[in-house]
>>> print(open('query_18.tsv').read())   # TSV, C-alpha atoms
chain	number	residue	atom	x	y	z
A	1004	MET	CA	0.00	0.00	0.00
A	1005	ASN	CA	3.04	2.28	-0.19
A	1006	SER	CA	2.54	4.72	-3.05
A	1007	LEU	CA	4.17	7.96	-4.04
A	1008	PRO	CA	1.74	10.88	-4.14
A	1009	TYR	CA	0.68	12.72	-7.26
A	1010	ASN	CA	2.26	16.11	-7.82
A	1011	LEU	CA	0.30	18.72	-5.90
A	1012	GLU	CA	-0.50	22.34	-6.62
A	1013	ALA	CA	-1.09	24.49	-3.56
A	1014	SER	CA	-2.68	27.87	-3.05
A	1015	PRO	CA	-0.30	30.54	-1.69
A	1016	HIS	CA	-1.80	30.17	1.81
A	1017	PHE	CA	-1.54	26.36	1.66
A	1018	LEU	CA	-5.25	25.96	2.45
A	1019	ASP	CA	-6.22	24.51	-0.94
A	1020	PHE	CA	-4.47	21.73	-2.82
A	1021	GLU	CA	-5.19	20.19	-6.20
A	1022	PHE	CA	-3.92	17.14	-8.01
A	1023	SER	CA	-4.96	14.97	-10.95
A	1024	SER	CA	-5.83	11.35	-10.50
A	1025	THR	CA	-5.12	9.36	-13.66
A	1026	GLY	CA	-6.29	5.88	-14.49
A	1027	PRO	CA	-8.86	3.84	-16.47
A	1028	LYS	CA	-11.49	6.53	-15.88
A	1029	GLY	CA	-9.21	9.18	-17.34
A	1030	GLU	CA	-8.02	12.30	-15.54
A	1031	VAL	CA	-9.98	13.40	-12.49
A	1032	ARG	CA	-9.16	16.61	-10.67
A	1033	LYS	CA	-9.08	16.19	-6.90
A	1034	ILE	CA	-9.35	19.04	-4.41
A	1035	VAL	CA	-8.15	19.05	-0.80
A	1036	ARG	CA	-9.18	21.94	1.45
A	1037	PHE	CA	-8.36	22.86	5.02
A	1038	THR	CA	-11.11	24.93	6.64
A	1039	LYS	CA	-10.63	26.71	9.95
A	1040	MET	CA	-13.37	25.97	12.47
A	1041	LYS	CA	-14.75	27.80	15.49
A	1042	ILE	CA	-14.55	25.40	18.40
A	1043	ALA	CA	-15.73	26.60	21.80
A	1044	ASP	CA	-13.03	26.68	24.49
A	1045	ALA	CA	-10.35	25.43	22.12
A	1046	SER	CA	-6.84	26.53	23.10
A	1047	ILE	CA	-5.57	25.70	19.63
A	1048	GLU	CA	-6.72	26.35	16.07
A	1049	VAL	CA	-8.60	23.44	14.54
A	1050	TYR	CA	-8.98	22.83	10.81
A	1051	ASN	CA	-11.23	20.39	9.01
A	1052	ILE	CA	-9.78	18.51	6.05
A	1053	GLY	CA	-12.16	17.87	3.20
A	1054	PHE	CA	-11.49	16.43	-0.23
A	1055	GLY	CA	-13.40	15.33	-3.26
A	1056	ASP	CA	-13.63	15.25	-7.02
A	1057	TYR	CA	-13.98	18.48	-8.92
A	1058	ASN	CA	-16.88	18.38	-11.36
A	1059	LYS	CA	-15.81	20.82	-14.06
A	1060	LEU	CA	-19.17	20.81	-15.85
A	1061	GLU	CA	-21.10	21.79	-12.76
A	1062	ASP	CA	-18.20	23.66	-11.09
A	1063	LYS	CA	-18.66	21.85	-7.81
A	1064	ILE	CA	-16.98	19.35	-5.49
A	1065	ASP	CA	-18.39	15.89	-4.90
A	1066	ASP	CA	-17.00	13.34	-2.46
A	1067	LEU	CA	-19.75	10.78	-2.65
A	1068	ILE	CA	-18.78	9.82	-6.17
A	1069	VAL	CA	-16.73	6.63	-6.52
A	1070	THR	CA	-14.16	7.47	-9.17
A	1071	ASP	CA	-12.54	4.03	-9.20
A	1072	ASN	CA	-9.43	5.07	-11.08
A	1073	LYS	CA	-7.58	2.13	-9.48
A	1074	ASP	CA	-5.29	4.53	-7.66
A	1075	SER	CA	-6.78	4.84	-4.18
A	1076	ASP	CA	-3.37	4.33	-2.54
A	1077	LYS	CA	-1.87	7.12	-4.62
A	1078	VAL	CA	-4.84	9.39	-3.85
A	1079	MET	CA	-4.44	8.75	-0.12
A	1080	ALA	CA	-0.69	9.39	-0.38
A	1081	SER	CA	-1.48	12.69	-2.10
A	1082	VAL	CA	-3.91	13.71	0.63
A	1083	ALA	CA	-1.26	12.80	3.21
A	1084	ALA	CA	1.24	14.97	1.35
A	1085	ALA	CA	-1.23	17.85	1.54
A	1086	VAL	CA	-1.58	17.33	5.30
A	1087	MET	CA	2.18	17.27	5.69
A	1088	THR	CA	2.60	20.49	3.70
A	1089	PHE	CA	-0.28	22.24	5.48
A	1090	THR	CA	1.15	21.39	8.89
A	1091	ASP	CA	4.65	22.39	7.76
A	1092	HIS	CA	3.22	25.92	7.65
A	1093	ARG	CA	0.82	25.59	10.60
A	1094	PRO	CA	2.41	23.15	13.03
A	1095	GLU	CA	0.41	24.42	16.01
A	1096	THR	CA	-2.96	23.32	14.70
A	1097	LEU	CA	-5.20	20.28	14.96
A	1098	VAL	CA	-6.44	18.66	11.77
A	1099	PHE	CA	-9.85	16.97	12.00
A	1100	ALA	CA	-10.95	14.26	9.58
A	1101	GLN	CA	-14.21	12.40	9.23
A	1102	GLY	CA	-15.58	10.55	6.21
A	1103	SER	CA	-18.85	11.58	4.61
A	1104	THR	CA	-20.03	8.02	5.13
A	1105	ALA	CA	-19.27	5.34	7.72
A	1106	VAL	CA	-17.64	3.24	5.00
A	1107	ARG	CA	-15.24	6.03	4.12
A	1108	THR	CA	-14.40	6.68	7.76
A	1109	ARG	CA	-13.57	2.99	8.16
A	1110	TYR	CA	-11.37	3.19	5.06
A	1111	TYR	CA	-9.50	6.20	6.44
A	1112	ASN	CA	-9.05	4.34	9.75
A	1113	MET	CA	-7.56	1.44	7.82
A	1114	VAL	CA	-5.17	3.62	5.85
A	1115	ILE	CA	-3.96	5.42	8.99
A	1116	ALA	CA	-3.59	2.13	10.84
A	1117	TYR	CA	-1.58	0.61	7.98
A	1118	HIS	CA	0.82	3.58	7.87
A	1119	TYR	CA	0.75	4.34	11.60
A	1120	LYS	CA	4.36	3.44	12.22
A	1121	ASP	CA	5.43	6.17	9.79
A	1122	ILE	CA	2.68	8.62	10.71
A	1123	LYS	CA	3.40	8.61	14.44
A	1124	SER	CA	6.97	9.72	13.85
A	1125	SER	CA	5.59	13.07	12.61
A	1126	PHE	CA	2.12	13.32	14.17
A	1127	ASP	CA	0.22	12.75	17.39
A	1128	VAL	CA	-3.06	11.11	16.38
A	1129	TRP	CA	-6.29	10.67	18.33
A	1130	GLY	CA	-9.38	8.70	17.45
A	1131	HIS	CA	-12.93	9.29	18.70
A	1132	TYR	CA	-14.48	6.13	20.09
A	1133	GLN	CA	-17.73	5.75	21.97
A	1134	GLY	CA	-17.89	9.37	23.00
A	1135	GLU	CA	-14.26	9.83	24.00
A	1136	TRP	CA	-10.99	10.87	22.40
A	1137	GLU	CA	-8.10	8.48	22.86
A	1138	VAL	CA	-4.62	8.04	21.46
A	1139	PHE	CA	-4.98	6.23	18.14
A	1140	LYS	CA	-4.74	2.47	18.28
A	1141	GLN	CA	-4.72	0.18	15.27
A	1142	ASN	CA	-7.70	-2.11	14.69
A	1143	LYS	CA	-10.20	0.20	16.32
A	1144	ALA	CA	-13.27	1.62	14.57
A	1145	TYR	CA	-12.95	5.34	15.23
A	1146	THR	CA	-15.68	7.71	14.08
A	1147	ALA	CA	-13.34	10.66	13.65
A	1148	ILE	CA	-9.64	11.47	13.71
A	1149	LEU	CA	-7.58	14.39	15.01
A	1150	ALA	CA	-3.90	14.89	14.27
A	1151	LYS	CA	-1.24	17.36	15.32
A	1152	ARG	CA	2.25	17.75	14.03
A	1153	LYS	CA	4.95	16.83	16.57
B	443	MET	CA	7.75	10.79	2.85
B	444	SER	CA	9.87	13.47	1.08
B	445	ILE	CA	8.12	16.63	-0.01
B	446	THR	CA	9.78	19.40	-1.95
B	447	ILE	CA	8.21	22.84	-1.96
B	448	SER	CA	8.95	24.76	-5.09
B	449	GLN	CA	7.67	28.25	-5.86
B	450	LYS	CA	6.17	28.17	-9.36
B	451	THR	CA	8.67	25.64	-10.68
B	452	LYS	CA	8.82	21.91	-10.47
B	453	SER	CA	11.77	20.00	-9.19
B	454	ASN	CA	13.67	18.07	-11.81
B	455	ASP	CA	14.33	15.14	-9.55
B	456	SER	CA	12.14	12.08	-9.25
B	457	ARG	CA	10.51	13.06	-5.96
B	458	LYS	CA	6.97	14.30	-6.03
B	459	THR	CA	6.60	18.02	-5.46
B	460	VAL	CA	4.18	20.56	-4.12
B	461	VAL	CA	4.09	23.58	-6.38
B	462	VAL	CA	2.61	26.84	-5.12
B	463	SER	CA	0.38	28.27	-7.83
B	464	LYS	CA	-1.86	31.33	-7.93
B	465	LYS	CA	-4.03	29.31	-10.33
B	466	VAL	CA	-5.25	27.24	-7.37
B	467	LYS	CA	-8.31	29.14	-6.28
B	468	SER	CA	-9.78	29.29	-2.81
B	469	HIS	CA	-12.61	26.82	-2.28
B	470	ALA	CA	-13.56	28.45	1.02
B	471	LYS	CA	-17.06	29.26	-0.18
B	472	ASP	CA	-17.71	26.00	-2.00
B	473	PRO	CA	-20.96	24.59	-0.52
B	474	PHE	CA	-19.37	21.16	-0.15
B	475	PHE	CA	-16.49	22.36	2.03
B	476	VAL	CA	-18.71	24.78	3.95
B	477	SER	CA	-21.11	21.96	4.74
B	478	LYS	CA	-18.32	19.58	5.78
B	479	ALA	CA	-16.75	22.16	8.06
B	480	LYS	CA	-20.12	22.95	9.68
B	481	ALA	CA	-20.68	19.24	10.37
B	482	ALA	CA	-17.18	18.95	11.80
B	483	GLU	CA	-17.73	22.01	14.00
B	484	ALA	CA	-20.97	20.55	15.31
B	485	PHE	CA	-19.21	17.26	16.11
B	486	LEU	CA	-16.36	18.93	17.98
B	487	ASN	CA	-18.56	21.41	19.82
B	488	LYS	CA	-20.59	18.43	20.99
B	489	HIS	CA	-17.73	16.08	21.85
B	490	GLY	CA	-14.91	18.48	22.64
B	491	LEU	CA	-11.20	18.02	21.99
B	492	PRO	CA	-8.64	15.66	23.50
B	493	ALA	CA	-7.33	16.56	26.94
B	494	GLY	CA	-4.96	19.48	26.92
B	495	PHE	CA	-6.53	21.34	24.02
B	496	SER	CA	-9.36	23.09	25.88
B	497	LYS	CA	-9.08	26.32	27.84
>>> encode(input="query_18.tsv", output="structure tokens")
Amino acid sequence: MNSLPYNLEASPHFLDFEFSSTGPKGEVRKIVRFTKMKIADASIEVYNIGFGDYNKLEDKIDDLIVTDNKDSDKVMASVAAAVMTFTDHRPETLVFAQGSTAVRTRYYNMVIAYHYKDIKSSFDVWGHYQGEWEVFKQNKAYTAILAKRK
Amino acid sequence: MSITISQKTKSNDSRKTVVVSKKVKSHAKDPFFVSKAKAAEAFLNKHGLPAGFSK
């Protein structure tokens, strides 16, 4: 599951990233965005990470579409590269991630768990489980993830 | 993972790069990202943050 990411283009403030997924379904533009959130009593800035396919015809983002370009590992590596770059510039922030569906959240859990040995060298990661945040453990079905650069 | 940041130019080596480009527009007002962030805010305002990150 170790893939190199696609080349990324970033906005000057490193809040928006774009890359092109290429495969049997052709070229699909993917967008990654970090959105600052207002969280009551937070002592740190918290950003939500969202990503999806850019629909050029309708000029909108869609993350419920299943592109199936046979490059999911490369797409995930590209999203990880965006997280790394974003936190290079904003190390004192939390990044929140949650899938649009339970299936996607489980997939993200699996990807993080698979790469956790590498991830934890650069990030502290927490998972939300049964109403509580805990330090990320592999093989657990978290409903949301938070990460902070070390 | 090795990431090279290059302002407006791509690296010539074989590593993947992140290129800063003014062509990448802000998607801050895209309904999809606005909706996702609102849902995330609601989740965190309900459940809070891990210990040590609240005032």
>>> interface_residues(input="query_18.tsv", of="chain A", to="chain B", cutoff="8 Å", atoms="only C-alpha atoms", output="JSON, numbers by chain")
{"A": [1007, 1008, 1009, 1010, 1011, 1012, 1013, 1014, 1015, 1017, 1018, 1019, 1020, 1021, 1036, 1038, 1039, 1040, 1041, 1042, 1043, 1044, 1045, 1046, 1047, 1051, 1053, 1063, 1064, 1065, 1084, 1088, 1099, 1101, 1129, 1134, 1135, 1136, 1137]}
>>> atom_distance(input="query_18.tsv", atom1="CA of Lys471 in chain B", atom2="CA of Val1114 in chain A")
28.9 Å
>>> atom_distance(input="query_18.tsv", atom1="CA of Glu1095 in chain A", atom2="CA of Phe1022 in chain A")
25.5 Å
>>> atom_distance(input="query_18.tsv", atom1="CA of Arg1152 in chain A", atom2="CA of Lys1120 in chain A")
14.6 Å
>>> residues_around(input="query_18.tsv", residues="range 1111-1113 of chain A", least_positions_apart="6", cutoff="9 Å", atoms="all atoms listed in the file", output="NGL selection string")
:A and (1079 or 1100-1102 or 1130 or 1141-1148)
>>> residues_around(input="query_18.tsv", residues="Ser1125 in chain A", least_positions_apart="6", cutoff="12 Å", atoms="only C-alpha atoms", output="ChimeraX atom specification")
/A:1083,1086-1088,1090-1091,1094,1118-1119,1150-1153 /B:443
>>> build_atoms(input="query_18.tsv", residues="range 1089-1100 of chain A", atoms="all heavy atoms", output="CSV table (one decimal), keeping the file's coordinate frame")
chain,number,residue,atom,x,y,z
A,1089,PHE,N,0.5,21.3,4.7
A,1089,PHE,CA,-0.3,22.2,5.5
A,1089,PHE,C,0.3,22.4,6.9
A,1089,PHE,O,0.5,23.5,7.4
A,1089,PHE,CB,-1.7,21.7,5.6
A,1089,PHE,CG,-2.6,22.5,6.5
A,1089,PHE,CD1,-3.1,23.7,6.2
A,1089,PHE,CD2,-2.9,22.0,7.8
A,1089,PHE,CE1,-3.9,24.4,7.1
A,1089,PHE,CE2,-3.7,22.7,8.7
A,1089,PHE,CZ,-4.2,23.9,8.3
A,1090,THR,N,0.6,21.3,7.5
A,1090,THR,CA,1.2,21.4,8.9
A,1090,THR,C,2.6,21.8,8.9
A,1090,THR,O,3.1,22.3,10.0
A,1090,THR,CB,1.0,20.0,9.6
A,1090,THR,OG1,1.6,19.0,8.9
A,1090,THR,CG2,-0.5,19.7,9.8
A,1091,ASP,N,3.3,21.8,7.8
A,1091,ASP,CA,4.6,22.4,7.8
A,1091,ASP,C,4.5,23.9,8.1
A,1091,ASP,O,5.3,24.5,8.7
A,1091,ASP,CB,5.3,22.2,6.3
A,1091,ASP,CG,6.0,20.9,6.1
A,1091,ASP,OD1,6.3,20.2,7.2
A,1091,ASP,OD2,6.2,20.5,5.0
A,1092,HIS,N,3.4,24.5,7.5
A,1092,HIS,CA,3.2,25.9,7.6
A,1092,HIS,C,2.4,26.3,8.9
A,1092,HIS,O,2.4,27.5,9.3
A,1092,HIS,CB,2.6,26.4,6.4
A,1092,HIS,CG,3.5,26.3,5.2
A,1092,HIS,ND1,4.4,27.3,4.8
A,1092,HIS,CD2,3.7,25.3,4.3
A,1092,HIS,CE1,5.1,26.9,3.8
A,1092,HIS,NE2,4.7,25.7,3.5
A,1093,ARG,N,1.7,25.4,9.4
A,1093,ARG,CA,0.8,25.6,10.6
A,1093,ARG,C,1.0,24.4,11.6
A,1093,ARG,O,0.0,23.7,11.8
A,1093,ARG,CB,-0.7,25.7,10.2
A,1093,ARG,CG,-1.0,27.0,9.4
A,1093,ARG,CD,-2.4,27.0,9.0
A,1093,ARG,NE,-2.8,28.1,8.2
A,1093,ARG,CZ,-2.5,28.3,6.9
A,1093,ARG,NH1,-1.8,27.3,6.3
A,1093,ARG,NH2,-2.8,29.4,6.2
A,1094,PRO,N,2.2,24.3,12.2
A,1094,PRO,CA,2.4,23.2,13.0
A,1094,PRO,C,1.6,23.2,14.3
A,1094,PRO,O,1.3,22.1,14.9
A,1094,PRO,CB,3.9,23.3,13.4
A,1094,PRO,CG,4.2,24.7,13.1
A,1094,PRO,CD,3.3,25.2,12.0
A,1095,GLU,N,1.2,24.3,14.8
A,1095,GLU,CA,0.4,24.4,16.0
A,1095,GLU,C,-1.1,24.4,15.7
A,1095,GLU,O,-1.8,25.3,16.2
A,1095,GLU,CB,0.8,25.7,16.8
A,1095,GLU,CG,2.3,25.6,17.3
A,1095,GLU,CD,2.5,24.4,18.2
A,1095,GLU,OE1,1.7,24.1,19.1
A,1095,GLU,OE2,3.5,23.7,17.9
A,1096,THR,N,-1.5,23.5,15.0
A,1096,THR,CA,-3.0,23.3,14.7
A,1096,THR,C,-3.3,21.9,14.8
A,1096,THR,O,-2.5,21.0,14.7
A,1096,THR,CB,-3.3,23.8,13.3
A,1096,THR,OG1,-2.5,23.0,12.3
A,1096,THR,CG2,-3.0,25.3,13.1
A,1097,LEU,N,-4.6,21.6,15.0
A,1097,LEU,CA,-5.2,20.3,15.0
A,1097,LEU,C,-5.9,20.1,13.6
A,1097,LEU,O,-6.6,21.0,13.2
A,1097,LEU,CB,-6.2,20.1,16.1
A,1097,LEU,CG,-5.7,19.9,17.5
A,1097,LEU,CD1,-6.8,19.9,18.5
A,1097,LEU,CD2,-4.9,18.6,17.6
A,1098,VAL,N,-5.7,19.0,13.0
A,1098,VAL,CA,-6.4,18.7,11.8
A,1098,VAL,C,-7.5,17.6,12.1
A,1098,VAL,O,-7.1,16.5,12.6
A,1098,VAL,CB,-5.5,18.2,10.7
A,1098,VAL,CG1,-6.2,17.8,9.4
A,1098,VAL,CG2,-4.4,19.3,10.4
A,1099,PHE,N,-8.7,17.9,11.7
A,1099,PHE,CA,-9.8,17.0,12.0
A,1099,PHE,C,-10.3,16.3,10.7
A,1099,PHE,O,-10.4,17.0,9.7
A,1099,PHE,CB,-11.0,17.8,12.6
A,1099,PHE,CG,-12.3,17.0,12.8
A,1099,PHE,CD1,-12.4,16.2,14.0
A,1099,PHE,CD2,-13.3,16.9,11.9
A,1099,PHE,CE1,-13.6,15.5,14.2
A,1099,PHE,CE2,-14.4,16.2,12.1
A,1099,PHE,CZ,-14.6,15.5,13.2
A,1100,ALA,N,-10.5,15.0,10.8
A,1100,ALA,CA,-11.0,14.3,9.6
A,1100,ALA,C,-12.1,13.3,9.9
A,1100,ALA,O,-12.0,12.6,10.9
A,1100,ALA,CB,-9.8,13.5,9.0
